[in-house]
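Scroll down for the structure; my scribbles are underneath it.
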Amino acid sequence: MILDGRAVAGKIKAEVAQRAAELSKKGVQPKLAVVVAGEDPASAVYVRHKVQACTEVGIASEVHRFGGEVTTETLMAAVRGLNTKAEVHGVLVQLPLPPQVDEEAVLDTIEPSKDVDGFHAFHVGRLWQGRPKLVPCTPAGVMRLLTAYGIEVRGREAVVVGRSRIVGRPMAGLLVNAGATVTIAHSQTRDLGAVTRRAELLVVAVGKPGLIDASMVREEAVVVDVGINRLPDGRLAGDVDFATVAPRVRAITPVPGGVGPMTVAMLLVNTLEAAQTQLGGGQ
Ligand code: NAD
C-alpha cells in the first residue's frame, strides 16, 4: 500500500479552506507571517510552497526577507514586531538561518500562541506532557497520514531514526502519546539495522539517500520516509531505498508525494488553529 500524502493533504486543505472562509465571514482572515534570511535555495522553494498553499485555502500571508548578513538582534526585533501585530496569527522563521545568527534565540522569541512550527519550549513541553497545543508540522502530518489510512499505532513497536527538534524528537513524542513503544535511533546508534528490524512502524528522518535498505526492514512493517534528498541527477529521493523495501512492507510513503505535502497541510491547520485560539474560539 502506498500512503498517498498528496491525496490526504488535498482533503485537509479543503477542510481548512472551509474553516478559513467561515472565519473570514466573521471579519477575520487568518494570516501567516514568514521570516526568511539569506539565500538558501531549498528555503526559497519551501517558502514559495507555503505561501502558495496559504493562498489556495484563503489564508493571508506575508514574507519578511532579510539578507545573509542579518544579525540575531534584527531578526529578534522582527519577530517581536510580528508578535504584537493582531492581524498576524502565525509566525514562522524559515530554517536554516545564516551561521552568524543564534537560531535558538530567534525561535525562542516567537510568542507561543503564534508559533505555528511548534518549536518553542512551551510546545515541546506540552507535547511531552501528553497535552499538545501546536505540534511541529512534519510529525503532525505523519500522524494524520497514518490515521487517514487506518493504521493502528497503539501497542505497536515503533522506531524513529533521527532525533532532530523538527522531526525525530516530536515524532517520538506523538507516537508515545498514541500508545506505541518507541525507540529513537540516531547517528550514534550501533547496528542501526538491528534496531530498525524490530519496527512494526518505522519512521526515518535523517537526510541520507538509501540509508535504509530491504535488509533493515521487518516484513509487513509500515514505513514512513521523511527524508528529502536531491540526487546528483536532479531527482528527489527519501532515506529509504523504495524499490527494494516497498515489496517487503505493508505500507510505505513515496518521496516525493508522501510526507512533504502533509507537512504543508499541517502548517495551514496550525495557522488556522492559532487564529481560532487567538480569537477565543480555539479548541
Ligand atoms: P537533521 O540533520 O536535523 O537531523 C538528522 C538526524 O539524523 C540527526 O538526529 C542524526 O542523529 C540522525 N542521523 C544522521 N546520520 C545517521 C545515521 N547514519 N544513522 C542514524 N541516524 C543518523 O535533519 P532533519 O531536519 O530532522 O531532517 C531529516 C530529513 O528529513 C532531511 O532529509 C530533511 O530534508 C527531511 N525533512 C523533510 C520534511 C518533509 O516535509 N518531508 C520536513 C523536514 C525535514
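Chain identifiers are assigned as A, B, and so on, following the order in which chains appear in the C-alpha cells; residues are numbered from 1 within each chain, and ligands are numbered from 1 in order of appearance.
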
8 Å shell around ligand 1 using only C-alpha atoms and all ligand atoms, listed as a compact mmCIF listing (two decimals) with N, CA and C atoms, in the first residue's frame:
```txt
# COMPACT_ATOMS: atom_id res chain seq x y z
N CYS A 137 4.92 20.55 12.28
CA CYS A 137 4.07 20.17 11.13
C CYS A 137 4.41 18.80 10.55
N THR A 138 5.70 18.47 10.44
CA THR A 138 6.05 17.20 9.78
C THR A 138 5.56 15.99 10.59
N VAL A 161 14.08 6.99 13.33
CA VAL A 161 15.51 7.20 13.05
C VAL A 161 15.70 8.70 12.82
N GLY A 162 16.51 9.31 13.67
CA GLY A 162 16.71 10.77 13.65
C GLY A 162 16.16 11.36 14.94
N ARG A 163 16.87 12.34 15.48
CA ARG A 163 16.45 12.93 16.77
C ARG A 163 16.43 14.45 16.70
N SER A 164 16.12 15.00 15.52
CA SER A 164 16.10 16.46 15.40
C SER A 164 14.90 17.04 16.13
N ARG A 165 15.04 18.34 16.41
CA ARG A 165 13.96 19.08 17.08
C ARG A 165 12.75 19.21 16.16
N ILE A 166 13.03 19.19 14.84
CA ILE A 166 11.98 19.45 13.86
C ILE A 166 11.17 18.19 13.57
N VAL A 167 11.84 17.06 13.51
CA VAL A 167 11.15 15.83 13.11
C VAL A 167 11.27 14.72 14.16
N GLY A 168 12.49 14.19 14.37
CA GLY A 168 12.65 12.96 15.14
C GLY A 168 12.06 13.03 16.54
N ALA A 185 16.48 6.02 17.24
CA ALA A 185 17.84 5.73 16.77
C ALA A 185 18.41 7.00 16.15
N HIS A 186 19.73 7.13 16.14
CA HIS A 186 20.36 8.36 15.64
C HIS A 186 21.78 8.08 15.20
N SER A 187 22.55 9.13 14.99
CA SER A 187 23.89 8.96 14.40
C SER A 187 24.84 8.15 15.28
N GLN A 188 24.57 8.07 16.57
CA GLN A 188 25.46 7.32 17.47
C GLN A 188 24.98 5.88 17.70
N THR A 189 23.89 5.51 17.07
CA THR A 189 23.33 4.17 17.29
C THR A 189 24.25 3.11 16.68
N LEU A 192 22.42 -0.08 13.39
CA LEU A 192 21.12 0.52 13.10
C LEU A 192 20.11 -0.53 12.60
N VAL A 204 11.67 7.34 9.28
CA VAL A 204 13.07 7.66 9.02
C VAL A 204 13.19 9.13 8.65
N ALA A 205 13.99 9.87 9.42
CA ALA A 205 14.18 11.31 9.18
C ALA A 205 15.64 11.64 9.40
N VAL A 206 16.46 11.37 8.41
CA VAL A 206 17.90 11.54 8.54
C VAL A 206 18.47 12.50 7.48
N GLY A 207 18.13 12.25 6.20
CA GLY A 207 18.71 13.06 5.13
C GLY A 207 19.87 12.35 4.44
N LYS A 208 19.78 11.01 4.37
CA LYS A 208 20.81 10.21 3.66
C LYS A 208 20.11 9.24 2.72
N LEU A 211 19.77 5.09 3.01
CA LEU A 211 20.23 4.66 4.34
C LEU A 211 19.55 3.35 4.77
N ASP A 225 8.87 7.55 5.23
CA ASP A 225 10.15 8.11 4.81
C ASP A 225 10.04 9.63 4.78
N VAL A 226 10.65 10.27 5.77
CA VAL A 226 10.56 11.73 5.87
C VAL A 226 11.67 12.40 5.06
N GLY A 227 12.74 11.69 4.80
CA GLY A 227 13.91 12.28 4.14
C GLY A 227 13.59 12.89 2.79
N ILE A 228 14.24 14.00 2.51
CA ILE A 228 14.16 14.61 1.17
C ILE A 228 15.59 14.87 0.74
N ASN A 229 16.02 14.16 -0.28
CA ASN A 229 17.42 14.29 -0.75
C ASN A 229 17.42 14.55 -2.25
N GLY A 238 14.03 9.77 -0.94
CA GLY A 238 13.96 9.74 0.52
C GLY A 238 15.20 9.08 1.11
N ASP A 239 15.08 8.63 2.36
CA ASP A 239 16.18 7.93 3.03
C ASP A 239 16.04 6.42 2.88
N GLY A 258 4.72 11.97 -0.36
CA GLY A 258 4.33 11.31 0.89
C GLY A 258 4.18 12.32 2.01
N VAL A 259 5.25 12.44 2.79
CA VAL A 259 5.20 13.31 3.98
C VAL A 259 5.25 14.80 3.61
N GLY A 260 5.94 15.13 2.54
CA GLY A 260 6.11 16.55 2.16
C GLY A 260 4.80 17.32 2.08
N PRO A 261 3.84 16.85 1.27
CA PRO A 261 2.57 17.58 1.18
C PRO A 261 1.81 17.64 2.51
N MET A 262 1.99 16.61 3.35
CA MET A 262 1.32 16.61 4.66
C MET A 262 1.89 17.71 5.55
N THR A 263 3.19 17.96 5.43
CA THR A 263 3.84 19.00 6.24
C THR A 263 3.21 20.36 5.94
N VAL A 264 3.06 20.65 4.66
CA VAL A 264 2.49 21.94 4.28
C VAL A 264 1.03 22.02 4.74
```

Report task. Write down as number ranges by chain the residues belonging to region 175-275 of chain A that are assigned helix (DSSP H, G or I) by DSSP computed on the backbone. Result -> A: 175-177, 192-196, 214-216, 242-248, 259-275

Next, dump the selected residues to file, keeping only C-alpha atoms, as a PDB file, in the first residue's frame.
```pdb
ATOM      1  CA  LEU A 175       3.977   8.106  18.919  1.00  0.00           C
ATOM      2  CA  VAL A 176       4.406   7.641  22.675  1.00  0.00           C
ATOM      3  CA  ASN A 177       1.269   9.694  23.249  1.00  0.00           C
ATOM      4  CA  LEU A 192      21.118   0.522  13.096  1.00  0.00           C
ATOM      5  CA  GLY A 193      19.695  -2.456  11.204  1.00  0.00           C
ATOM      6  CA  ALA A 194      19.243  -4.492  14.385  1.00  0.00           C
ATOM      7  CA  VAL A 195      17.142  -1.640  15.789  1.00  0.00           C
ATOM      8  CA  THR A 196      15.114  -0.862  12.655  1.00  0.00           C
ATOM      9  CA  ALA A 214      15.412  -4.042   2.482  1.00  0.00           C
ATOM     10  CA  SER A 215      17.611  -5.982   4.928  1.00  0.00           C
ATOM     11  CA  MET A 216      16.915  -3.365   7.643  1.00  0.00           C
ATOM     12  CA  PHE A 242      11.953   2.462  -2.090  1.00  0.00           C
ATOM     13  CA  ALA A 243      12.456  -0.079  -4.912  1.00  0.00           C
ATOM     14  CA  THR A 244      13.707  -2.880  -2.655  1.00  0.00           C
ATOM     15  CA  VAL A 245      11.819  -2.002   0.530  1.00  0.00           C
ATOM     16  CA  ALA A 246       8.324  -1.464  -0.917  1.00  0.00           C
ATOM     17  CA  PRO A 247       7.724  -5.120  -1.917  1.00  0.00           C
ATOM     18  CA  ARG A 248       8.537  -6.302   1.645  1.00  0.00           C
ATOM     19  CA  VAL A 259       5.202  13.306   3.980  1.00  0.00           C
ATOM     20  CA  GLY A 260       6.115  16.552   2.164  1.00  0.00           C
ATOM     21  CA  PRO A 261       2.566  17.583   1.179  1.00  0.00           C
ATOM     22  CA  MET A 262       1.324  16.607   4.657  1.00  0.00           C
ATOM     23  CA  THR A 263       3.838  18.996   6.239  1.00  0.00           C
ATOM     24  CA  VAL A 264       2.488  21.944   4.285  1.00  0.00           C
ATOM     25  CA  ALA A 265      -1.116  20.930   5.011  1.00  0.00           C
ATOM     26  CA  MET A 266      -0.402  20.819   8.754  1.00  0.00           C
ATOM     27  CA  LEU A 267       1.138  24.289   8.619  1.00  0.00           C
ATOM     28  CA  LEU A 268      -2.214  25.517   7.319  1.00  0.00           C
ATOM     29  CA  VAL A 269      -4.058  23.626  10.073  1.00  0.00           C
ATOM     30  CA  ASN A 270      -1.761  25.123  12.728  1.00  0.00           C
ATOM     31  CA  THR A 271      -2.207  28.648  11.353  1.00  0.00           C
ATOM     32  CA  LEU A 272      -5.959  28.258  11.408  1.00  0.00           C
ATOM     33  CA  GLU A 273      -5.940  26.838  14.939  1.00  0.00           C
ATOM     34  CA  ALA A 274      -3.637  29.628  16.115  1.00  0.00           C
ATOM     35  CA  ALA A 275      -6.082  32.169  14.648  1.00  0.00           C
TER      36      ALA A 275
END
```

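Here the question is which of A:Gly150, A:Gly68, A:Pro232, A:Pro170 gets nearest to Arg126 (chain A) using only C-alpha atoms, and that residue is A:Pro170.
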
Query raised in the report: When DSSP works through the backbone of this structure, what residues of region 67-202 of chain A end up as strand (DSSP E or B), shown as an MDAnalysis selection string?
Result: chainID A and resid 90:93 115 157:161 181:185 201:202

Filtering to C-alpha atoms, could you give me those residues as a compact mmCIF listing (two decimals), in the first residue's frame?
```
# COMPACT_ATOMS: atom_id res chain seq x y z
CA GLY A 90 1.06 32.61 12.81
CA VAL A 91 4.79 33.43 12.79
CA LEU A 92 7.24 31.09 11.12
CA VAL A 93 11.01 31.53 10.90
CA ASP A 115 4.38 29.56 16.94
CA GLU A 157 6.76 -1.36 18.21
CA ALA A 158 7.83 1.94 16.62
CA VAL A 159 11.34 3.07 15.70
CA VAL A 160 12.15 6.67 14.78
CA VAL A 161 15.51 7.20 13.05
CA THR A 181 6.52 1.53 22.28
CA VAL A 182 9.12 3.90 20.87
CA THR A 183 12.85 3.64 20.21
CA ILE A 184 14.81 6.63 18.89
CA ALA A 185 17.84 5.73 16.77
CA LEU A 201 6.25 1.18 12.35
CA LEU A 202 9.47 2.73 11.06
```
